[in-house]
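One file, coords18.tsv, is given below (TSV, N, CA and C atoms).
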```tsv
chain	number	residue	atom	x	y	z
A	1	MET	N	125.18	-102.70	-43.41
A	1	MET	CA	125.14	-102.34	-44.81
A	1	MET	C	123.72	-102.10	-45.31
A	2	ASP	N	122.75	-102.09	-44.46
A	2	ASP	CA	121.37	-101.85	-44.89
A	2	ASP	C	121.16	-100.44	-45.41
A	3	THR	N	122.07	-99.52	-45.08
A	3	THR	CA	121.90	-98.13	-45.51
A	3	THR	C	122.48	-97.87	-46.89
A	4	VAL	N	123.23	-98.79	-47.43
A	4	VAL	CA	123.84	-98.60	-48.75
A	4	VAL	C	122.81	-98.98	-49.82
A	5	ARG	N	122.58	-98.05	-50.74
A	5	ARG	CA	121.63	-98.32	-51.82
A	5	ARG	C	122.26	-99.23	-52.86
A	6	PRO	N	121.45	-100.07	-53.49
A	6	PRO	CA	121.99	-100.91	-54.57
A	6	PRO	C	122.35	-100.07	-55.78
A	7	ALA	N	123.30	-100.54	-56.55
A	7	ALA	CA	123.70	-99.85	-57.78
A	7	ALA	C	122.54	-99.85	-58.76
A	8	PRO	N	122.33	-98.73	-59.49
A	8	PRO	CA	121.22	-98.67	-60.45
A	8	PRO	C	121.41	-99.58	-61.66
A	9	LEU	N	122.64	-99.86	-62.01
A	9	LEU	CA	122.93	-100.75	-63.14
A	9	LEU	C	123.79	-101.91	-62.67
A	10	ASP	N	123.42	-103.10	-63.06
A	10	ASP	CA	124.22	-104.27	-62.74
A	10	ASP	C	125.12	-104.56	-63.94
A	11	LEU	N	126.37	-104.16	-63.85
A	11	LEU	CA	127.30	-104.35	-64.96
A	11	LEU	C	127.94	-105.73	-64.94
A	12	THR	N	127.56	-106.56	-63.98
A	12	THR	CA	128.10	-107.91	-63.94
A	12	THR	C	127.18	-108.90	-64.63
A	13	GLY	N	126.00	-108.46	-65.02
A	13	GLY	CA	125.02	-109.34	-65.66
A	13	GLY	C	125.06	-109.23	-67.17
A	14	ASP	N	123.90	-109.25	-67.77
A	14	ASP	CA	123.74	-109.20	-69.23
A	14	ASP	C	124.10	-107.80	-69.73
A	15	LEU	N	125.19	-107.69	-70.47
A	15	LEU	CA	125.67	-106.39	-70.93
A	15	LEU	C	124.68	-105.73	-71.89
A	16	ALA	N	124.04	-106.51	-72.76
A	16	ALA	CA	123.05	-105.95	-73.69
A	16	ALA	C	121.89	-105.33	-72.92
A	17	LEU	N	121.46	-105.98	-71.84
A	17	LEU	CA	120.38	-105.45	-71.01
A	17	LEU	C	120.82	-104.17	-70.30
A	18	ALA	N	122.05	-104.15	-69.80
A	18	ALA	CA	122.58	-102.95	-69.13
A	18	ALA	C	122.68	-101.79	-70.12
A	19	ARG	N	123.12	-102.07	-71.34
A	19	ARG	CA	123.21	-101.01	-72.35
A	19	ARG	C	121.83	-100.45	-72.68
A	20	ALA	N	120.85	-101.33	-72.84
A	20	ALA	CA	119.49	-100.88	-73.14
A	20	ALA	C	118.92	-100.04	-72.00
A	21	ALA	N	119.16	-100.46	-70.76
A	21	ALA	CA	118.67	-99.71	-69.61
A	21	ALA	C	119.33	-98.34	-69.53
A	22	PHE	N	120.62	-98.28	-69.78
A	22	PHE	CA	121.34	-97.00	-69.72
A	22	PHE	C	120.91	-96.07	-70.84
A	23	ASP	N	120.73	-96.60	-72.05
A	23	ASP	CA	120.24	-95.79	-73.16
A	23	ASP	C	118.85	-95.24	-72.86
A	24	ALA	N	117.99	-96.07	-72.26
A	24	ALA	CA	116.65	-95.62	-71.89
A	24	ALA	C	116.72	-94.49	-70.87
A	25	PHE	N	117.65	-94.61	-69.91
A	25	PHE	CA	117.84	-93.56	-68.91
A	25	PHE	C	118.29	-92.26	-69.56
A	26	LEU	N	119.26	-92.35	-70.48
A	26	LEU	CA	119.80	-91.14	-71.11
A	26	LEU	C	118.79	-90.47	-72.04
A	27	THR	N	117.92	-91.23	-72.65
A	27	THR	CA	116.98	-90.66	-73.61
A	27	THR	C	115.60	-90.39	-73.01
A	28	ALA	N	115.46	-90.55	-71.70
A	28	ALA	CA	114.17	-90.31	-71.04
A	28	ALA	C	113.74	-88.86	-71.17
A	29	THR	N	114.69	-87.94	-71.18
A	29	THR	CA	114.40	-86.52	-71.38
A	29	THR	C	114.89	-86.16	-72.77
A	30	PRO	N	113.98	-85.91	-73.70
A	30	PRO	CA	114.39	-85.63	-75.08
A	30	PRO	C	115.10	-84.29	-75.20
A	31	ALA	N	115.90	-84.17	-76.25
A	31	ALA	CA	116.56	-82.90	-76.55
A	31	ALA	C	115.51	-81.85	-76.89
A	32	LYS	N	115.87	-80.59	-76.77
A	32	LYS	CA	114.95	-79.51	-77.12
A	32	LYS	C	114.59	-79.60	-78.60
A	33	ALA	N	113.46	-79.03	-78.95
A	33	ALA	CA	112.92	-79.14	-80.32
A	33	ALA	C	113.86	-78.57	-81.38
A	34	ASP	N	114.70	-77.60	-81.01
A	34	ASP	CA	115.58	-76.99	-82.01
A	34	ASP	C	116.92	-77.72	-82.16
A	35	VAL	N	117.09	-78.81	-81.46
A	35	VAL	CA	118.33	-79.59	-81.55
A	35	VAL	C	118.11	-80.77	-82.49
A	36	ARG	N	118.97	-80.86	-83.50
A	36	ARG	CA	118.90	-81.96	-84.46
A	36	ARG	C	120.18	-82.78	-84.34
A	37	ALA	N	120.03	-84.08	-84.33
A	37	ALA	CA	121.18	-84.98	-84.25
A	37	ALA	C	121.04	-86.03	-85.34
A	38	ALA	N	122.10	-86.21	-86.10
A	38	ALA	CA	122.09	-87.19	-87.19
A	38	ALA	C	123.31	-88.10	-87.04
A	39	THR	N	123.08	-89.39	-87.09
A	39	THR	CA	124.17	-90.35	-87.05
A	39	THR	C	124.74	-90.47	-88.46
A	40	THR	N	126.05	-90.34	-88.57
A	40	THR	CA	126.72	-90.40	-89.87
A	40	THR	C	128.11	-90.98	-89.64
A	41	ASP	N	128.99	-90.85	-90.60
A	41	ASP	CA	130.37	-91.27	-90.38
A	41	ASP	C	131.30	-90.21	-90.92
A	42	LEU	N	132.47	-90.17	-90.35
A	42	LEU	CA	133.49	-89.21	-90.74
A	42	LEU	C	134.77	-90.01	-90.94
A	43	GLY	N	135.15	-90.19	-92.19
A	43	GLY	CA	136.33	-90.99	-92.49
A	43	GLY	C	136.18	-92.44	-92.07
A	44	GLY	N	134.94	-92.95	-92.13
A	44	GLY	CA	134.69	-94.33	-91.75
A	44	GLY	C	134.44	-94.54	-90.26
A	45	VAL	N	134.50	-93.46	-89.48
A	45	VAL	CA	134.26	-93.55	-88.04
A	45	VAL	C	132.84	-93.06	-87.75
A	46	PRO	N	132.03	-93.84	-87.03
A	46	PRO	CA	130.67	-93.38	-86.73
A	46	PRO	C	130.69	-92.17	-85.81
A	47	VAL	N	129.91	-91.16	-86.17
A	47	VAL	CA	129.82	-89.92	-85.39
A	47	VAL	C	128.36	-89.49	-85.30
A	48	VAL	N	128.10	-88.55	-84.40
A	48	VAL	CA	126.78	-87.93	-84.31
A	48	VAL	C	126.98	-86.45	-84.58
A	49	ASP	N	126.34	-85.96	-85.63
A	49	ASP	CA	126.40	-84.55	-86.03
A	49	ASP	C	125.24	-83.84	-85.34
A	50	VAL	N	125.55	-82.94	-84.42
A	50	VAL	CA	124.52	-82.24	-83.65
A	50	VAL	C	124.48	-80.78	-84.10
A	51	ARG	N	123.30	-80.31	-84.43
A	51	ARG	CA	123.10	-78.92	-84.87
A	51	ARG	C	121.95	-78.32	-84.08
A	52	VAL	N	122.02	-77.01	-83.86
A	52	VAL	CA	120.93	-76.27	-83.21
A	52	VAL	C	120.39	-75.29	-84.23
A	53	ASP	N	119.09	-75.41	-84.52
A	53	ASP	CA	118.45	-74.52	-85.49
A	53	ASP	C	118.67	-73.06	-85.10
A	54	GLY	N	119.08	-72.26	-86.06
A	54	GLY	CA	119.26	-70.83	-85.83
A	54	GLY	C	120.61	-70.45	-85.25
A	55	ALA	N	121.41	-71.40	-84.85
A	55	ALA	CA	122.73	-71.09	-84.29
A	55	ALA	C	123.70	-70.78	-85.42
A	56	PRO	N	124.56	-69.78	-85.23
A	56	PRO	CA	125.53	-69.48	-86.29
A	56	PRO	C	126.54	-70.62	-86.44
A	57	ASP	N	127.05	-70.77	-87.66
A	57	ASP	CA	128.07	-71.78	-87.91
A	57	ASP	C	129.32	-71.39	-87.13
A	58	PRO	N	129.80	-72.26	-86.24
A	58	PRO	CA	130.96	-71.89	-85.42
A	58	PRO	C	132.26	-71.85	-86.21
A	59	GLY	N	132.26	-72.42	-87.42
A	59	GLY	CA	133.47	-72.41	-88.23
A	59	GLY	C	134.54	-73.35	-87.70
A	60	GLY	N	134.17	-74.25	-86.84
A	60	GLY	CA	135.14	-75.19	-86.28
A	60	GLY	C	134.47	-76.49	-85.91
A	61	VAL	N	135.17	-77.25	-85.13
A	61	VAL	CA	134.68	-78.58	-84.75
A	61	VAL	C	134.74	-78.72	-83.23
A	62	LEU	N	133.70	-79.28	-82.67
A	62	LEU	CA	133.71	-79.64	-81.26
A	62	LEU	C	133.83	-81.15	-81.19
A	63	LEU	N	134.84	-81.64	-80.54
A	63	LEU	CA	135.08	-83.07	-80.44
A	63	LEU	C	134.80	-83.51	-79.01
A	64	TYR	N	133.83	-84.38	-78.83
A	64	TYR	CA	133.47	-84.89	-77.51
A	64	TYR	C	133.90	-86.34	-77.43
A	65	LEU	N	134.79	-86.65	-76.54
A	65	LEU	CA	135.26	-88.02	-76.36
A	65	LEU	C	134.69	-88.57	-75.07
A	66	HIS	N	134.00	-89.67	-75.16
A	66	HIS	CA	133.40	-90.31	-73.99
A	66	HIS	C	134.48	-91.10	-73.26
A	67	GLY	N	134.69	-90.80	-72.01
A	67	GLY	CA	135.76	-91.45	-71.25
A	67	GLY	C	135.50	-92.89	-70.87
A	68	GLY	N	134.27	-93.37	-71.00
A	68	GLY	CA	133.94	-94.73	-70.59
A	68	GLY	C	134.09	-95.77	-71.68
A	69	ALA	N	134.62	-95.38	-72.81
A	69	ALA	CA	134.85	-96.30	-73.93
A	69	ALA	C	133.57	-96.99	-74.40
A	70	TYR	N	132.44	-96.38	-74.10
A	70	TYR	CA	131.13	-96.89	-74.54
A	70	TYR	C	130.88	-98.33	-74.13
A	71	VAL	N	131.26	-98.67	-72.91
A	71	VAL	CA	130.92	-99.99	-72.38
A	71	VAL	C	129.40	-100.08	-72.27
A	72	VAL	N	128.80	-99.03	-71.75
A	72	VAL	CA	127.34	-98.87	-71.77
A	72	VAL	C	127.07	-97.48	-72.32
A	73	GLY	N	125.89	-97.26	-72.83
A	73	GLY	CA	125.56	-95.97	-73.42
A	73	GLY	C	126.09	-95.86	-74.83
A	74	SER	N	125.84	-94.72	-75.44
A	74	SER	CA	126.29	-94.49	-76.81
A	74	SER	C	126.40	-93.00	-77.05
A	75	ALA	N	127.09	-92.63	-78.10
A	75	ALA	CA	127.18	-91.22	-78.45
A	75	ALA	C	125.80	-90.67	-78.76
A	76	ARG	N	125.01	-91.41	-79.49
A	76	ARG	CA	123.67	-90.95	-79.90
A	76	ARG	C	122.78	-90.71	-78.68
A	77	ALA	N	122.86	-91.58	-77.69
A	77	ALA	CA	122.02	-91.44	-76.50
A	77	ALA	C	122.46	-90.25	-75.64
A	78	SER	N	123.70	-89.78	-75.84
A	78	SER	CA	124.19	-88.66	-75.04
A	78	SER	C	123.67	-87.31	-75.49
A	79	VAL	N	122.99	-87.26	-76.64
A	79	VAL	CA	122.48	-85.99	-77.17
A	79	VAL	C	121.20	-85.64	-76.46
```

How does the structure come out when it is put into structure tokens?
Amino acid sequence: MDTVRPAPLDLTGDLALARAAFDAFLTATPAKADVRAATTDLGGVPVVDVRVDGAPDPGGVLLYLHGGAYVVGSARASV
């Protein structure tokens, strides 16, 4: 088993530490300068409103559902 690499995140330990490490990983490369993201709520549900400067209004909604139930990471860090 010496050839198997260790997992990058230890999900059996401190969950707050794992979340912080995963958020740091996701936000290590910032979004492009023309991308704006604002945390808000929609009907009492927390959401992240993402806009791209100069992009036409699509006239609709894009709904992104994270399949991991946000055990680690967050919607905001995914932008």

Members of segment 31-73 of chain A assigned strand (DSSP E) by DSSP, as a PyMOL selection string: chain A and resi 35-42+45-52

Pick out the closest residue to Ala20 of chain A from this set: A:Gly73, A:Val79, A:Arg51, A:Ala37. Count only C-alpha atoms. A:Gly73

Find the residue from A:Gly54, A:Leu15, A:Pro46, A:Phe22 that sits nearest to Asp34 of chain A; use only N, CA and C atoms when measuring.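 Of all the options, A:Gly54 lies closest to Asp34 of chain A.
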
Any idea what the distance is between atom C of Pro56 of chain A and atom N of Thr27 of chain A?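 Separation of atom C of Pro56 of chain A and atom N of Thr27 of chain A: 26.3 Å.
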
So how many Å separate atom N of Val50 of chain A and atom N of Ala38 of chain A, to one decimal?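 Distance between the two atoms: 5.0 Å.
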
Protein and nucleic acid residues near (118.8, -76.7, -81.6) (cut-off 6 Å, all atoms listed in the file) as a list of chain:residue names: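 Selection result: A:Lys32, A:Ala33, A:Asp34, A:Val35, A:Arg36, A:Arg51, A:Val52, A:Asp53.
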
N, CA and C atoms of the current selection, written as a compact mmCIF listing (two decimals), in the coordinates of the input:
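Saved result, result00.txt, follows:
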```
# COMPACT_ATOMS: atom_id res chain seq x y z
N LYS A 32 115.87 -80.59 -76.77
CA LYS A 32 114.95 -79.51 -77.12
C LYS A 32 114.59 -79.60 -78.60
N ALA A 33 113.46 -79.03 -78.95
CA ALA A 33 112.92 -79.14 -80.32
C ALA A 33 113.86 -78.57 -81.38
N ASP A 34 114.70 -77.60 -81.01
CA ASP A 34 115.58 -76.99 -82.01
C ASP A 34 116.92 -77.72 -82.16
N VAL A 35 117.09 -78.81 -81.46
CA VAL A 35 118.33 -79.59 -81.55
C VAL A 35 118.11 -80.77 -82.49
N ARG A 36 118.97 -80.86 -83.50
CA ARG A 36 118.90 -81.96 -84.46
C ARG A 36 120.18 -82.78 -84.34
N ARG A 51 123.30 -80.31 -84.43
CA ARG A 51 123.10 -78.92 -84.87
C ARG A 51 121.95 -78.32 -84.08
N VAL A 52 122.02 -77.01 -83.86
CA VAL A 52 120.93 -76.27 -83.21
C VAL A 52 120.39 -75.29 -84.23
N ASP A 53 119.09 -75.41 -84.52
CA ASP A 53 118.45 -74.52 -85.49
C ASP A 53 118.67 -73.06 -85.10
```
